[in-house]
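Visitor: Structure incoming, see below.
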Amino acid sequence: MSTKFSDKLKAYIEISNFERRGVFALLFSCLLITGYYYFKNSRTSQSVVYSNQELADYEAQVDSVFKERVQRDASLYKSKYKTKTNDKVVYLPFNPNSDSEKQLLTAGVPAYVVKSLIKFRTKGGDFKKKSDFKKLYVVNDKLYLALESYLSLPDESPLSFRDNVVDDKKGQKQVKELDINSASLEDLMALKGIGEVFAKRILNYRKLLGGFYDKRQLAEVYGLSKETYDAIEPIIVLKSKPIKSILVNSATYEELAKHPYLSYKKAKSIVLYRDQHGNYMSDDDLRKLHLLSKADVDRVLPYLDLN
């Protein structure tokens, strides 16, 4: 049995002369290929040698290209920002005590100044005269000089309480003149017939209105009698008119209704008409509203910004 197995194994692994020559040919080919790559990779690579002059010329060429690129980039940068930096800013009159953020920006006041101004007002600060605008630490002398003529403020502070009071024949203190838009609580209490209660009501009503544009509006203060108004009317003046405007083309009806001259019903009709017909272009558009009489439009119009 072992003999049969041995014979079969020999027959299986036995190769012919033709196959044997093929094996030798394959081994010879592998040997040639291996020798070729060994010879190729074992050759010492020849390095390229440049003269000093050639290296200097190459460096000069690189420097020239780099310099041209820097000059081109600088030229593009200047042309891109030339208009923004050289254009003259167009300023408009503005009131730092009452104008909204949008109105201040439209007037040409820089955004960083507007931010500081709003923060200053939020903390209770106000401006009595033009030079007070320099209270803002972000306003330098150059910017103040550019904005000074556009500030809707007096050149000098209104008369102080002491300067505004004179002695009458009986030795009693009497106010000789009072700007109702800049008067303080103490100033108002010095008026004949005006105590602390009415003084606070006047200040509150002035704030709700956004400032007085006519001294006769003082008679609208709740509880103020005709006799009291007639007594103080001759010394009431309007040297400053810090009217706080409402942007009628963007305000909500809640914002409009906060004004004493507009009820919620009238404010809502203003907004509905705007939604249906577009922005208000003039006071004639307001007069088309059936809920607003001519008198309503005339007295609220100074507080509405139609832009």
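Letters for chains follow the order of the structure tokens (A, B, ...), residue numbers begin at 1 for each chain, and ligand numbers begin at 1 in the order shown.
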Return as a PyMOL selection string the full set of residues in region 107-304 of chain A whose backbone-based DSSP assignment is alpha helix (DSSP H).
Guide: chain A and resi 111-122+141-147+185-189+196-209+226-232+253-257+264-277+283-286+294-300
Visitor: Which residue gives the smallest distance to Leu218 (chain A) among A:Leu292, A:Ala251, A:Ile180, A:Leu27, with only C-alpha atoms counted?
Guide: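 Nearest candidate to Leu218 (chain A) out of A:Leu292, A:Ala251, A:Ile180, A:Leu27: A:Ile180.
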Visitor: With only C-alpha atoms as the basis for distance, which of A:Val90, A:Ile194, A:Leu32, A:Val114 is at the shortest distance from Leu224 (chain A)?
Guide: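 Going through A:Val90, A:Ile194, A:Leu32, A:Val114 one by one, the smallest distance to Leu224 (chain A) is for A:Ile194.
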Visitor: Quick one: residues within 10 Å of region 266-270 of chain A, only C-alpha atoms counted, chain neighbours fewer than 2 positions away excluded, as an mmCIF file with N, CA and C atoms, in the first residue's frame?
Guide:
data_model
loop_
_atom_site.group_PDB
_atom_site.id
_atom_site.type_symbol
_atom_site.label_atom_id
_atom_site.label_comp_id
_atom_site.auth_asym_id
_atom_site.auth_seq_id
_atom_site.Cartn_x
_atom_site.Cartn_y
_atom_site.Cartn_z
ATOM 1 N N VAL A 248 -43.594 106.905 13.006
ATOM 2 C CA VAL A 248 -44.951 106.434 12.730
ATOM 3 C C VAL A 248 -44.977 105.302 11.711
ATOM 4 N N ASN A 249 -43.951 105.185 10.868
ATOM 5 C CA ASN A 249 -43.935 104.133 9.849
ATOM 6 C C ASN A 249 -43.360 102.813 10.345
ATOM 7 N N ALA A 251 -43.513 102.207 14.194
ATOM 8 C CA ALA A 251 -43.963 102.026 15.576
ATOM 9 C C ALA A 251 -45.163 101.076 15.646
ATOM 10 N N THR A 252 -45.242 100.324 16.736
ATOM 11 C CA THR A 252 -46.405 99.470 16.970
ATOM 12 C C THR A 252 -47.542 100.319 17.527
ATOM 13 N N TYR A 253 -48.746 99.759 17.520
ATOM 14 C CA TYR A 253 -49.861 100.555 18.031
ATOM 15 C C TYR A 253 -49.745 100.742 19.539
ATOM 16 N N GLU A 254 -49.065 99.811 20.236
ATOM 17 C CA GLU A 254 -48.844 100.000 21.669
ATOM 18 C C GLU A 254 -47.945 101.211 21.922
ATOM 19 N N GLU A 255 -46.901 101.363 21.094
ATOM 20 C CA GLU A 255 -45.995 102.503 21.241
ATOM 21 C C GLU A 255 -46.706 103.820 20.932
ATOM 22 N N LEU A 256 -47.546 103.811 19.907
ATOM 23 C CA LEU A 256 -48.296 105.007 19.550
ATOM 24 C C LEU A 256 -49.304 105.377 20.637
ATOM 25 N N ALA A 257 -49.937 104.353 21.207
ATOM 26 C CA ALA A 257 -50.988 104.598 22.199
ATOM 27 C C ALA A 257 -50.449 105.146 23.515
ATOM 28 N N LYS A 258 -49.147 105.064 23.736
ATOM 29 C CA LYS A 258 -48.575 105.617 24.960
ATOM 30 C C LYS A 258 -48.601 107.147 24.962
ATOM 31 N N HIS A 259 -48.729 107.720 23.776
ATOM 32 C CA HIS A 259 -48.746 109.188 23.702
ATOM 33 C C HIS A 259 -50.102 109.706 24.191
ATOM 34 N N TYR A 261 -51.946 112.030 23.247
ATOM 35 C CA TYR A 261 -52.860 112.504 22.223
ATOM 36 C C TYR A 261 -53.475 111.382 21.386
ATOM 37 N N LEU A 262 -53.081 110.127 21.664
ATOM 38 C CA LEU A 262 -53.587 108.999 20.879
ATOM 39 C C LEU A 262 -54.149 107.918 21.795
ATOM 40 N N SER A 263 -55.399 107.549 21.554
ATOM 41 C CA SER A 263 -55.989 106.434 22.280
ATOM 42 C C SER A 263 -55.566 105.130 21.595
ATOM 43 N N TYR A 264 -55.855 103.993 22.223
ATOM 44 C CA TYR A 264 -55.517 102.702 21.614
ATOM 45 C C TYR A 264 -56.277 102.527 20.303
ATOM 46 N N LEU A 272 -53.221 99.987 11.135
ATOM 47 C CA LEU A 272 -53.989 99.230 10.138
ATOM 48 C C LEU A 272 -53.943 99.916 8.775
ATOM 49 N N TYR A 273 -54.068 101.242 8.772
ATOM 50 C CA TYR A 273 -54.002 101.979 7.506
ATOM 51 C C TYR A 273 -52.612 101.826 6.879
ATOM 52 N N ARG A 274 -51.583 101.872 7.719
ATOM 53 C CA ARG A 274 -50.211 101.703 7.220
ATOM 54 C C ARG A 274 -50.012 100.326 6.613
ATOM 55 N N ASP A 275 -50.563 99.289 7.270
ATOM 56 C CA ASP A 275 -50.424 97.917 6.762
ATOM 57 C C ASP A 275 -51.149 97.738 5.433
ATOM 58 N N TYR A 280 -46.681 106.147 5.577
ATOM 59 C CA TYR A 280 -47.201 107.508 5.491
ATOM 60 C C TYR A 280 -46.130 108.403 4.860
ATOM 61 N N ASP A 285 -51.800 111.943 4.440
ATOM 62 C CA ASP A 285 -52.156 110.536 4.614
ATOM 63 C C ASP A 285 -52.817 110.313 5.968
ATOM 64 N N LEU A 286 -52.345 111.009 6.988
ATOM 65 C CA LEU A 286 -52.945 110.880 8.319
ATOM 66 C C LEU A 286 -54.360 111.450 8.349
ATOM 67 N N LEU A 289 -57.568 109.270 7.765
ATOM 68 C CA LEU A 289 -58.114 108.367 8.788
ATOM 69 C C LEU A 289 -59.386 108.969 9.373
ATOM 70 N N HIS A 290 -60.448 108.186 9.364
ATOM 71 C CA HIS A 290 -61.733 108.684 9.844
ATOM 72 C C HIS A 290 -61.728 108.908 11.352
ATOM 73 N N LEU A 291 -60.915 108.147 12.076
ATOM 74 C CA LEU A 291 -60.908 108.263 13.543
ATOM 75 C C LEU A 291 -60.103 109.464 14.031
ATOM 76 N N LEU A 292 -59.325 110.084 13.152
ATOM 77 C CA LEU A 292 -58.536 111.245 13.538
ATOM 78 C C LEU A 292 -59.136 112.507 12.929
ATOM 79 N N ASP A 296 -57.017 116.538 15.918
ATOM 80 C CA ASP A 296 -56.171 115.440 16.406
ATOM 81 C C ASP A 296 -54.842 115.403 15.639
#
Visitor: If we count only C-alpha atoms, what is near Phe212 (chain A) at a cut-off of 12 Å, once residues fewer than 2 positions away on the same chain are taken out, given as a ChimeraX atom specification?
Guide: /A:179-183,202-210,214-221,236-245,299-300,302-303
Visitor: Those selected residues, please, written with C-alpha atoms and delivered as a CSV table (one decimal), in the first residue's frame.
Guide:
chain,number,residue,atom,x,y,z
A,179,ASP,CA,-38.3,127.6,30.2
A,180,ILE,CA,-40.9,124.9,30.7
A,181,ASN,CA,-39.0,122.3,28.7
A,182,SER,CA,-35.9,122.5,30.9
A,183,ALA,CA,-37.4,123.4,34.2
A,202,ILE,CA,-46.0,118.8,34.9
A,203,LEU,CA,-42.7,116.9,34.7
A,204,ASN,CA,-44.5,113.6,34.1
A,205,TYR,CA,-46.8,115.1,31.4
A,206,ARG,CA,-43.8,116.6,29.7
A,207,LYS,CA,-42.1,113.2,29.6
A,208,LEU,CA,-45.2,111.5,28.2
A,209,LEU,CA,-45.6,114.1,25.5
A,210,GLY,CA,-42.0,114.1,24.6
A,214,ASP,CA,-46.5,125.3,22.8
A,215,LYS,CA,-46.8,126.6,26.3
A,216,ARG,CA,-50.6,126.4,26.2
A,217,GLN,CA,-50.1,122.6,26.5
A,218,LEU,CA,-49.3,123.3,30.1
A,219,ALA,CA,-53.1,123.9,30.7
A,220,GLU,CA,-53.7,120.2,29.8
A,221,VAL,CA,-52.0,119.1,33.0
A,236,ILE,CA,-43.5,130.7,30.8
A,237,VAL,CA,-41.2,130.5,27.8
A,238,LEU,CA,-40.1,127.9,25.3
A,239,LYS,CA,-36.4,128.5,24.6
A,240,SER,CA,-35.7,124.8,23.8
A,241,LYS,CA,-38.0,122.4,22.1
A,242,PRO,CA,-36.7,118.9,22.8
A,243,ILE,CA,-39.5,117.1,21.0
A,244,LYS,CA,-39.2,113.3,21.2
A,245,SER,CA,-40.5,111.9,17.9
A,299,ARG,CA,-51.7,118.6,17.7
A,300,VAL,CA,-50.0,115.1,17.4
A,302,PRO,CA,-45.2,117.6,15.8
A,303,TYR,CA,-44.5,114.3,17.6
Visitor: Skipping near chain neighbours, those fewer than 6 positions away, what residues fall within 10 Å of Val109 (chain A) using only C-alpha atoms, listed as a list in words?
Guide: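 Neighbouring residues, sequence-local ones excluded: Val89, Val90, Tyr91, Leu92, Pro93, Phe94, Pro96, Glu101, Lys102, Gln103, Leu143 and Leu147 of chain A.
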Visitor: Could you turn the residues from that selection into a file that holds C-alpha atoms, as a PDB file, in the first residue's frame?
Guide:
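Everything below was put into part-v4.pdb:
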ATOM      1  CA  VAL A  89     -19.770 112.749   6.831  1.00  0.00           C
ATOM      2  CA  VAL A  90     -23.068 114.606   6.379  1.00  0.00           C
ATOM      3  CA  TYR A  91     -24.455 115.706   9.743  1.00  0.00           C
ATOM      4  CA  LEU A  92     -28.040 116.681  10.565  1.00  0.00           C
ATOM      5  CA  PRO A  93     -29.431 118.571  13.579  1.00  0.00           C
ATOM      6  CA  PHE A  94     -30.148 116.281  16.521  1.00  0.00           C
ATOM      7  CA  PRO A  96     -29.098 114.294  22.448  1.00  0.00           C
ATOM      8  CA  GLU A 101     -30.989 105.679  18.463  1.00  0.00           C
ATOM      9  CA  LYS A 102     -32.104 105.528  14.834  1.00  0.00           C
ATOM     10  CA  GLN A 103     -32.518 109.315  14.642  1.00  0.00           C
ATOM     11  CA  LEU A 143     -15.596 115.313  17.124  1.00  0.00           C
ATOM     12  CA  LEU A 147     -21.033 118.188  15.907  1.00  0.00           C
TER      13      LEU A 147
END
Visitor: Let me make sure I understand: among A:Leu117, A:Ile33, A:Leu136, A:Met281, which one has the smallest atom-to-atom distance to Asn307 (chain A) if we use only C-alpha atoms?
Guide: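 Closest residue, counting only C-alpha atoms: A:Met281.
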Visitor: Rounded to one decimal, what separation in Å do you get between CA of Pro234 (chain A) and CA of Ala295 (chain A)?
Guide: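 Going from CA of Pro234 (chain A) over to CA of Ala295 (chain A), I get 25.4 Å.
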